[in-house]
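Enquirer: Can you keep this structure in mind? I'll have questions shortly.
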Number of protein chains: 2
Amino acid sequence: MQNNNKKSALTEKDGIPQPESFSKSALEKIVESRKAQPSSEDLVKGILAKNITALSRAITLVESTNPEHLSKANEIINACLPHANQSIRIGITGVPGVGKSTFIEAFGTTLTSLGKKVAVLTIDPSSTISHGSILGDKTRMEELVKDTNAYIRPSASGETLGGVARKTRETIILCEAAGFDTIIIETVGVGQSETAVHSMVDFFLLLKISGAGDELQGIKRGIMEMADAIVINKADGDNIAKAKLAKTEFNRALHLFPAKKSGWTPTVATCSSITKEGIIGVWQTISSYFELVQANNYFQEKRKEQNQYWMMETINEQLKNSFYNHPEIIKLLEENKKAVANDELSPFAAAMNLLNAYFKS
Amino acid sequence: MQNNNKKSALTEKDGIPQPESFSKSALEKIVESRKAQPSSEDLVKGILAKNITALSRAITLVESTNPEHLSKANEIINACLPHANQSIRIGITGVPGVGKSTFIEAFGTTLTSLGKKVAVLTIDPSSTISHGSILGDKTRMEELVKDTNAYIRPSASGETLGGVARKTRETIILCEAAGFDTIIIETVGVGQSETAVHSMVDFFLLLKISGAGDELQGIKRGIMEMADAIVINKADGDNIAKAKLAKTEFNRALHLFPAKKSGWTPTVATCSSITKEGIIGVWQTISSYFELVQANNYFQEKRKEQNQYWMMETINEQLKNSFYNHPEIIKLLEENKKAVANDELSPFAAAMNLLNAYFKS
């Protein structure tokens with residue numbers, strides 16, 4: 001991932017600039033600065049002073065698996081917490097090929113031109129396997145990468161979805177404390193990561209394109225049901241008519257779903273990330289949503305619920321981690337799984353075998 | 001629940017007949033037979049000999065919270081396991097008012113007339129709160145209740161959904177070992193119990209009626225996406241035309257969902273539980289499904305997956321039980337929840353507080 005991110009300090013781990021060709025002394029400087037570990041207090045001060053290097057370093061601590069780093073990360077997050085929450089959080093999803101990167105480039109630069117400070121985070125569990133990244137192709141986000149009012153940070157790799165999601169959740173707090181008022185969380189629309197993203201954003205945007213066949217193929221696990229807006233991208237050139245048709249179809253499909261607790265009626269719009277036609281309209285829609293939910297208190301209630309959800313999720317994840325990483329369980333799990341698959345043991349009896357082994361030691 | 005079930009031995013806990021008016025000696029017999037606790041071996045022998053009393057007693061052990069009963073239940077289940085799995089498992093859901101009981105009465109008696117042995121189980125977490133039961137009104141299942149080739153057992157009450165689901169899962173095994181070849185699991189279509197049922201059946205049937213307004217209102221959490229068949233009930237009298245219209249609408253809606261892993265294309269049909277028109281057609285559809293999935297091996301694979309899913313679910317549930325029932329956690333949970341809701345503590349830090357307290361003691 002890092003190999004593609006050499007263009008700007010803002011996309012780098014630890015916020016350390018990595019010029020195209022390293023001079024020896026630059027490399028030495030980096031090694032030196034990596035050694036000098038700033039204290040939690042210093043990092044918090046830096047973050048509150050909107051220092052991007054401090055922010056990036058703190059995020060690296062959040063992403064670390066080193067227990068010492070984690071406890072430091074916790075200190076920082078709790079110190080940042082009173083300064084967080086002053087933002088809007090937007091989730092953006094869509095299957096590969098709908099043009100998420102180009103949309104975020106167009107949408108993000110529109111927002112910064114309106115005086116917003118935009119942080120773009122990603123949840124991409126697939127990158128943990130392929131080590132690829134949906135933000136890999138930085139050429140599509142050339143402008144936003146150079147924009148000093150934007151900060152782009154791909155998700156940590158080498159993690160479970162639960163782990164990635166937790167880290168993104170904490171990263172939001174740090175970005176908000178650093179003065180970013182618009183948090184965009186991008187995810188690839190193919191799996192369960194949507195649910196995780198949905199549980200940490202205020203507004204959920206589903207990106208689509210007009211397709212050749214049935215417009216609605218690929219609706220998965222209620223992703224459409226989660227959407228507050230569907231935006232049909234690539235509505236330019238020959239595509240405009242098809243995009244309008246798709247808009248009608250999606251509008252009809254949205255009516256199949258029950259009304260939302262927020263009181264908001266999901267919208268469908270078309271846009272072009274190239275001509276920028278419709279991009280400002282997307283922002284206006286999102287603004288109307290926030291006006292509504294801040295007035296009817298849904299915004300505040302949802303955030304409270306999300307906080308408690310994340311507390312429970314963290315507990316459940318850690319309980320499972322502790323269980324499945326226990327040496328005794330590692331030893332016994334496979335044979336019990338096999339016995340269950342072969343109907344030699346009931347699922348419940350196998351579970352009890354394992355639980356007894358776990359709680360005994 | 002028991003008060004409504006006086007018509008037949010087959011619907012009673014412990015399989016003990018409860019005539020309308022008790023004679024003193026009958027009551028004494030019951031007390032006596034309750035005292036004489038048969039051994040696990042005796043119960044297994046009884047179940048395999050298709051003895052309903054033994055089956056009902058074993059299910060009562062499964063439902064017990066007494067650890068001694070549970071360990072006995074486990075012995076019985078594991079002894080029954082080699083004799084289980086020779087059945088088809090059908091989940092039936094639908095919101096209150098669609099006529100689930102009358103449908104199951106008509107469908108179940110049709111199956112027994114074809115020589116099937118039918119067990120009807122229910123998952124109704126709402127009964128844990130209201131102490132009501134969707135099977136409460138036995139007058140709607142008059143015939144099936146009296147049918148010696150049918151066995152009806154409402155779900156245990158006073159439990160979490162996870163608990164109810166686990167117990168139903170185990171009860172299926174016992175019913176199959178007792179020779180029931182068609183297991184119907186009924187649930188009320190208003191919540192998460194559908195997901196639990198879906199994870200323990202081979203075929204999922206969604207019961208609907210033609211409504212006044214939009215036919216598709218009330219689609220919830222992917223229930224329609226789970227359905228292998230949608231059956232529009234009450235297609236009789238003045239309702240026939242409306243039911244046919246609803247059929248067209250549902251057919252169209254089903255096309256919005258991606259293809260199923262089973263290779264099966266979900267069907268829509270109409271039926272009347274009163275005239276029995278269409279009931280045999282439902283059975284023919286289900287038969288075609290089983291022909292397909294047994295031939296393409298999806299049936300066997302899905303059951304293996306379901307077994308492993310239930311092992312994991314049981315583990316997760318027990319880990320959470322152990323955590324949330326820990327005296328230290330009970331003491332600390334509320335204050336941490338409050339701190340999280342008020343943004344005084346990050347969800348992660350609160351979770352860590354609680355986890356540290358738990359693992360320390």
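The way I read the labels, and the way they are meant: chains A, B, ... in the order of the structure tokens, residue 1 as the first residue of every chain, and ligand 1 as the first ligand shown, with later ones counted on from there.
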Between chain A and chain B, at 7 Å or less, what are the per-residue closest atom pairs and their distances in Å? Count only C-alpha atoms, order by chain and rising residue number, and return it as CSV.
Expert:
```
residue,atom,partner,partner_atom,distance
A:Asn74,CA,B:Ala349,CA,6.4
A:Asn78,CA,B:Leu345,CA,6.1
A:Leu81,CA,B:Asp343,CA,6.7
A:Pro82,CA,B:Asp343,CA,7.0
A:Leu216,CA,B:Leu256,CA,5.8
A:Gln217,CA,B:Pro258,CA,6.0
A:Gly218,CA,B:Pro258,CA,5.8
A:Ile219,CA,B:Phe257,CA,6.3
A:Arg221,CA,B:Gly222,CA,6.7
A:Gly222,CA,B:Gly222,CA,6.2
A:Leu256,CA,B:Leu216,CA,5.9
A:Phe257,CA,B:Ile219,CA,6.4
A:Pro258,CA,B:Gly218,CA,6.0
A:Lys304,CA,B:Ala341,CA,5.1
A:Asn307,CA,B:Pro347,CA,5.8
A:Gln308,CA,B:Lys337,CA,6.6
A:Trp310,CA,B:Pro347,CA,5.7
A:Met311,CA,B:Pro347,CA,4.3
A:Thr314,CA,B:Ala351,CA,6.1
A:Ile315,CA,B:Ala351,CA,5.5
A:Leu319,CA,B:Leu319,CA,6.7
A:Lys337,CA,B:Gln308,CA,6.6
A:Val340,CA,B:Asn307,CA,6.3
A:Ala341,CA,B:Lys304,CA,5.1
A:Asp343,CA,B:Leu81,CA,6.6
A:Leu345,CA,B:Asn78,CA,6.0
A:Ser346,CA,B:Asn78,CA,6.1
A:Pro347,CA,B:Met311,CA,4.3
A:Phe348,CA,B:Met311,CA,5.8
A:Ala349,CA,B:Asn74,CA,6.4
A:Ala350,CA,B:Met311,CA,6.6
A:Ala351,CA,B:Met311,CA,5.3
A:Leu355,CA,B:Ile315,CA,6.9
```
Enquirer: Can you pull out every residue from stretch 115-334 of chain B that DSSP, working from the backbone, puts in strand (DSSP E or B), and format the result as a PyMOL selection string?
Expert: chain B and resi 118-123+150-153+182-188+203-209+229-233+267-270
Enquirer: Which residues come within 10 Å of B:Ser361, counting only C-alpha atoms, excluding same-chain residues fewer than 6 positions away, as a list of chain:residue names?
Expert: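 Here the qualifying residues turn out to be B:His326, B:Pro327, B:Glu328.
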Enquirer: Which residues are close to stretch 285-287 of chain B, i.e. within 12 Å by only C-alpha atoms, leaving aside same-chain residues fewer than 3 positions away? Reply as a VMD selection string.
Expert: chain B and resid 88 to 91 107 111 182 202 to 205 227 to 231 264 to 269 278 to 282 290 to 294
Enquirer: Give me, as a PyMOL selection string, all polymer residues having an atom no more than 8 Å from B:Leu207, counting only C-alpha atoms and skipping those fewer than 2 positions away in the same chain.
Expert: chain B and resi 92-95+98+100+205+209+230-233
Enquirer: Keeping only N, CA and C atoms, write the selected residues as a compact mmCIF listing (two decimals), in the first residue's frame.
Expert:
```
# COMPACT_ATOMS: atom_id res chain seq x y z
N ILE B 92 -41.18 -21.94 8.67
CA ILE B 92 -42.34 -21.19 8.20
C ILE B 92 -42.45 -19.90 9.00
N THR B 93 -42.50 -18.79 8.30
CA THR B 93 -42.63 -17.52 9.00
C THR B 93 -43.70 -16.65 8.35
N GLY B 94 -44.08 -15.61 9.01
CA GLY B 94 -45.11 -14.70 8.52
C GLY B 94 -45.60 -13.87 9.68
N VAL B 95 -45.93 -12.63 9.41
CA VAL B 95 -46.36 -11.76 10.51
C VAL B 95 -47.70 -12.24 11.07
N VAL B 98 -51.37 -13.64 9.20
CA VAL B 98 -51.35 -14.29 7.89
C VAL B 98 -51.92 -15.70 7.96
N LYS B 100 -50.76 -18.46 10.12
CA LYS B 100 -49.74 -19.51 10.21
C LYS B 100 -50.31 -20.79 10.80
N LEU B 205 -39.99 -20.99 4.18
CA LEU B 205 -41.25 -20.58 3.55
C LEU B 205 -41.79 -19.32 4.21
N ILE B 209 -50.25 -12.57 3.06
CA ILE B 209 -51.62 -12.44 2.55
C ILE B 209 -51.65 -11.22 1.64
N ILE B 230 -42.57 -18.11 -1.38
CA ILE B 230 -43.55 -17.22 -0.75
C ILE B 230 -44.92 -17.80 -1.05
N VAL B 231 -45.70 -18.00 -0.01
CA VAL B 231 -47.04 -18.55 -0.21
C VAL B 231 -48.04 -17.52 0.29
N ILE B 232 -48.95 -17.13 -0.61
CA ILE B 232 -49.97 -16.15 -0.24
C ILE B 232 -51.20 -16.91 0.23
N ASN B 233 -51.46 -16.80 1.51
CA ASN B 233 -52.52 -17.55 2.17
C ASN B 233 -53.86 -16.81 2.03
```
Enquirer: Could you jot down the atom CA of B:His69 to atom CA of B:Ile172 separation for me, Å, one decimal place?
Expert: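 A separation of 17.9 Å between them.
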Enquirer: Quick check, in Å to one decimal: how far apart do atom CA of A:Ser39 and atom CA of A:Val62 lie?
Expert: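 Computing the Euclidean distance for atom CA of A:Ser39 and atom CA of A:Val62 yields 14.2 Å.
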Enquirer: Nearest residue to A:Gly97 out of A:Ser210, A:Ala357, A:Met224, A:Lys242, using only C-alpha atoms?
Expert: A:Ser210
Enquirer: Looking at B:Ser288, B:Thr60, B:Ser273, B:Thr168, which one is nearest to B:Glu105, with distances taken over only C-alpha atoms?
Expert: B:Ser273
Enquirer: Suppose you want the space between atom CA of B:Ile240 and atom CA of B:Cys271; what is it in Å?
Expert: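 That distance, rounded to one decimal, is 9.1 Å.
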Enquirer: To test your reading of the structure, identify every residue in stretch 64-133 of chain A that backbone DSSP assigns to alpha helix (DSSP H), and report it as a compact mmCIF listing (two decimals) with all heavy atoms, in the first residue's frame.
Expert:
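Output file result18.txt is given in full below:
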```
# COMPACT_ATOMS: atom_id res chain seq x y z
N PRO A 67 1.04 -4.08 22.82
CA PRO A 67 0.18 -3.69 23.94
C PRO A 67 0.56 -2.31 24.51
O PRO A 67 -0.31 -1.54 24.93
CB PRO A 67 0.42 -4.78 24.99
CG PRO A 67 1.01 -5.93 24.25
CD PRO A 67 1.72 -5.36 23.07
N GLU A 68 1.87 -2.00 24.51
CA GLU A 68 2.33 -0.70 25.01
C GLU A 68 1.76 0.43 24.15
O GLU A 68 1.30 1.46 24.66
CB GLU A 68 3.86 -0.68 24.96
CG GLU A 68 4.52 0.17 26.02
CD GLU A 68 6.02 0.14 25.83
OE1 GLU A 68 6.64 -0.95 26.03
OE2 GLU A 68 6.59 1.16 25.43
N HIS A 69 1.82 0.22 22.84
CA HIS A 69 1.26 1.22 21.92
C HIS A 69 -0.23 1.37 22.13
O HIS A 69 -0.76 2.48 22.10
CB HIS A 69 1.52 0.80 20.46
CG HIS A 69 2.96 0.86 20.07
ND1 HIS A 69 3.43 0.43 18.86
CD2 HIS A 69 4.06 1.28 20.76
CE1 HIS A 69 4.75 0.59 18.81
NE2 HIS A 69 5.14 1.09 19.95
N LEU A 70 -0.89 0.24 22.36
CA LEU A 70 -2.35 0.27 22.52
C LEU A 70 -2.75 1.07 23.75
O LEU A 70 -3.71 1.83 23.72
CB LEU A 70 -2.90 -1.15 22.62
CG LEU A 70 -3.17 -1.84 21.29
CD1 LEU A 70 -3.77 -3.22 21.52
CD2 LEU A 70 -4.12 -0.99 20.43
N SER A 71 -1.98 0.92 24.82
CA SER A 71 -2.36 1.64 26.04
C SER A 71 -2.09 3.13 25.84
O SER A 71 -2.84 3.99 26.31
CB SER A 71 -1.64 1.06 27.26
OG SER A 71 -0.52 1.82 27.60
N LYS A 72 -1.05 3.44 25.09
CA LYS A 72 -0.77 4.82 24.74
C LYS A 72 -1.89 5.38 23.84
O LYS A 72 -2.37 6.50 24.04
CB LYS A 72 0.57 4.87 23.98
CG LYS A 72 1.41 6.09 24.28
CD LYS A 72 2.80 5.93 23.67
CE LYS A 72 3.43 7.28 23.41
NZ LYS A 72 4.74 7.17 22.74
N ALA A 73 -2.30 4.56 22.88
CA ALA A 73 -3.37 4.97 21.97
C ALA A 73 -4.64 5.29 22.76
O ALA A 73 -5.32 6.28 22.50
CB ALA A 73 -3.65 3.87 20.95
N ASN A 74 -4.91 4.44 23.76
CA ASN A 74 -6.10 4.65 24.59
C ASN A 74 -6.06 5.98 25.33
O ASN A 74 -7.06 6.68 25.42
CB ASN A 74 -6.21 3.53 25.62
CG ASN A 74 -7.25 2.53 25.21
OD1 ASN A 74 -8.09 2.85 24.37
ND2 ASN A 74 -7.20 1.35 25.77
N GLU A 75 -4.89 6.30 25.88
CA GLU A 75 -4.73 7.59 26.57
C GLU A 75 -5.04 8.74 25.62
O GLU A 75 -5.74 9.68 25.96
CB GLU A 75 -3.29 7.75 27.05
CG GLU A 75 -2.93 6.99 28.32
CD GLU A 75 -1.42 7.09 28.59
OE1 GLU A 75 -0.84 8.17 28.37
OE2 GLU A 75 -0.84 6.06 28.99
N ILE A 76 -4.49 8.62 24.41
CA ILE A 76 -4.67 9.70 23.43
C ILE A 76 -6.14 9.84 23.04
O ILE A 76 -6.69 10.94 23.01
CB ILE A 76 -3.80 9.43 22.18
CG1 ILE A 76 -2.32 9.42 22.57
CG2 ILE A 76 -4.06 10.46 21.09
CD1 ILE A 76 -1.38 8.92 21.49
N ILE A 77 -6.77 8.69 22.77
CA ILE A 77 -8.18 8.73 22.35
C ILE A 77 -9.04 9.36 23.43
O ILE A 77 -9.88 10.23 23.16
CB ILE A 77 -8.67 7.31 22.01
CG1 ILE A 77 -8.00 6.82 20.73
CG2 ILE A 77 -10.18 7.28 21.86
CD1 ILE A 77 -8.04 5.33 20.55
N ASN A 78 -8.81 8.96 24.68
CA ASN A 78 -9.65 9.51 25.74
C ASN A 78 -9.41 11.00 25.95
O ASN A 78 -10.33 11.75 26.28
CB ASN A 78 -9.45 8.73 27.05
CG ASN A 78 -10.21 7.41 27.00
OD1 ASN A 78 -11.29 7.34 26.43
ND2 ASN A 78 -9.63 6.37 27.57
N ALA A 79 -8.16 11.44 25.70
CA ALA A 79 -7.88 12.87 25.82
C ALA A 79 -8.50 13.64 24.64
O ALA A 79 -8.85 14.82 24.77
CB ALA A 79 -6.38 13.11 25.88
N CYS A 80 -8.61 12.98 23.49
CA CYS A 80 -9.18 13.64 22.30
C CYS A 80 -10.70 13.67 22.32
O CYS A 80 -11.33 14.51 21.68
CB CYS A 80 -8.71 12.93 21.03
SG CYS A 80 -7.00 13.29 20.61
N LYS A 100 -15.59 4.70 -7.07
CA LYS A 100 -15.59 5.30 -5.73
C LYS A 100 -14.48 6.34 -5.58
O LYS A 100 -14.70 7.42 -5.05
CB LYS A 100 -15.44 4.22 -4.66
CG LYS A 100 -16.72 3.44 -4.40
CD LYS A 100 -16.60 2.54 -3.19
CE LYS A 100 -15.57 1.45 -3.39
NZ LYS A 100 -15.90 0.55 -4.51
N SER A 101 -13.27 5.99 -6.04
CA SER A 101 -12.14 6.90 -5.88
C SER A 101 -12.37 8.21 -6.61
O SER A 101 -12.17 9.29 -6.06
CB SER A 101 -10.85 6.25 -6.39
OG SER A 101 -10.58 5.08 -5.65
N THR A 102 -12.81 8.12 -7.86
CA THR A 102 -13.03 9.36 -8.62
C THR A 102 -14.19 10.16 -8.02
O THR A 102 -14.15 11.39 -7.99
CB THR A 102 -13.32 9.07 -10.11
OG1 THR A 102 -14.20 7.95 -10.20
CG2 THR A 102 -12.05 8.72 -10.86
N PHE A 103 -15.20 9.47 -7.52
CA PHE A 103 -16.30 10.19 -6.87
C PHE A 103 -15.80 10.92 -5.63
O PHE A 103 -16.12 12.09 -5.41
CB PHE A 103 -17.44 9.24 -6.48
CG PHE A 103 -18.53 9.92 -5.70
CD1 PHE A 103 -19.46 10.72 -6.35
CD2 PHE A 103 -18.60 9.80 -4.32
CE1 PHE A 103 -20.46 11.38 -5.63
CE2 PHE A 103 -19.58 10.46 -3.59
CZ PHE A 103 -20.51 11.25 -4.25
N ILE A 104 -15.00 10.23 -4.82
CA ILE A 104 -14.51 10.86 -3.58
C ILE A 104 -13.57 12.02 -3.92
O ILE A 104 -13.58 13.05 -3.26
CB ILE A 104 -13.84 9.81 -2.67
CG1 ILE A 104 -14.94 8.87 -2.13
CG2 ILE A 104 -13.10 10.46 -1.52
CD1 ILE A 104 -14.42 7.69 -1.33
N GLU A 105 -12.79 11.86 -4.98
CA GLU A 105 -11.95 12.97 -5.46
C GLU A 105 -12.82 14.20 -5.78
O GLU A 105 -12.58 15.30 -5.30
CB GLU A 105 -11.17 12.51 -6.71
CG GLU A 105 -10.58 13.61 -7.57
CD GLU A 105 -9.17 13.99 -7.19
OE1 GLU A 105 -8.76 13.66 -6.05
OE2 GLU A 105 -8.47 14.61 -8.02
N ALA A 106 -13.87 13.99 -6.57
CA ALA A 106 -14.73 15.10 -6.99
C ALA A 106 -15.52 15.67 -5.80
O ALA A 106 -15.61 16.89 -5.61
CB ALA A 106 -15.70 14.64 -8.08
N PHE A 107 -16.05 14.76 -4.99
CA PHE A 107 -16.88 15.16 -3.85
C PHE A 107 -16.01 15.85 -2.78
O PHE A 107 -16.38 16.91 -2.26
CB PHE A 107 -17.55 13.90 -3.28
CG PHE A 107 -18.50 14.15 -2.15
CD1 PHE A 107 -19.62 14.96 -2.32
CD2 PHE A 107 -18.30 13.54 -0.92
CE1 PHE A 107 -20.51 15.17 -1.28
CE2 PHE A 107 -19.19 13.75 0.13
CZ PHE A 107 -20.29 14.57 -0.06
N GLY A 108 -14.86 15.27 -2.51
CA GLY A 108 -13.96 15.80 -1.49
C GLY A 108 -13.44 17.19 -1.85
O GLY A 108 -13.42 18.09 -1.01
N THR A 109 -13.03 17.37 -3.10
CA THR A 109 -12.51 18.69 -3.49
C THR A 109 -13.64 19.73 -3.49
O THR A 109 -13.41 20.89 -3.15
CB THR A 109 -11.82 18.64 -4.87
OG1 THR A 109 -12.70 17.99 -5.80
CG2 THR A 109 -10.51 17.86 -4.81
N THR A 110 -14.85 19.30 -3.82
CA THR A 110 -16.00 20.21 -3.72
C THR A 110 -16.18 20.67 -2.28
O THR A 110 -16.38 21.85 -2.00
CB THR A 110 -17.29 19.52 -4.22
OG1 THR A 110 -17.09 19.12 -5.58
CG2 THR A 110 -18.49 20.44 -4.13
N LEU A 111 -16.07 19.73 -1.36
CA LEU A 111 -16.24 20.06 0.06
C LEU A 111 -15.14 21.00 0.55
O LEU A 111 -15.43 21.97 1.25
CB LEU A 111 -16.26 18.78 0.91
CG LEU A 111 -17.46 17.84 0.72
CD1 LEU A 111 -17.39 16.67 1.69
CD2 LEU A 111 -18.77 18.59 0.90
N THR A 112 -13.90 20.72 0.19
CA THR A 112 -12.81 21.60 0.66
C THR A 112 -12.97 22.99 0.05
O THR A 112 -12.65 23.98 0.70
CB THR A 112 -11.41 21.02 0.37
OG1 THR A 112 -11.29 20.78 -1.04
CG2 THR A 112 -11.17 19.72 1.12
N SER A 113 -13.48 23.06 -1.18
CA SER A 113 -13.69 24.37 -1.79
C SER A 113 -14.78 25.15 -1.06
O SER A 113 -14.86 26.38 -1.15
CB SER A 113 -14.04 24.23 -3.28
OG SER A 113 -15.39 23.82 -3.42
N SER A 127 -8.08 -6.01 1.69
CA SER A 127 -6.67 -5.63 1.59
C SER A 127 -5.83 -6.46 2.55
O SER A 127 -4.62 -6.57 2.39
CB SER A 127 -6.49 -4.15 1.88
OG SER A 127 -6.61 -3.89 3.26
N THR A 128 -6.50 -7.06 3.55
CA THR A 128 -5.75 -7.89 4.49
C THR A 128 -5.34 -9.19 3.82
O THR A 128 -4.44 -9.87 4.27
CB THR A 128 -6.59 -8.22 5.74
OG1 THR A 128 -7.71 -8.99 5.33
CG2 THR A 128 -7.04 -6.97 6.43
N ILE A 129 -6.01 -9.55 2.76
CA ILE A 129 -5.64 -10.77 2.04
C ILE A 129 -4.77 -10.43 0.84
O ILE A 129 -3.67 -10.93 0.68
CB ILE A 129 -6.91 -11.53 1.59
CG1 ILE A 129 -7.75 -11.87 2.82
CG2 ILE A 129 -6.55 -12.80 0.84
CD1 ILE A 129 -9.21 -12.05 2.53
N SER A 130 -5.28 -9.52 0.01
CA SER A 130 -4.58 -9.22 -1.24
C SER A 130 -3.46 -8.21 -1.05
O SER A 130 -2.65 -8.01 -1.93
CB SER A 130 -5.58 -8.67 -2.25
OG SER A 130 -6.06 -7.41 -1.80
```
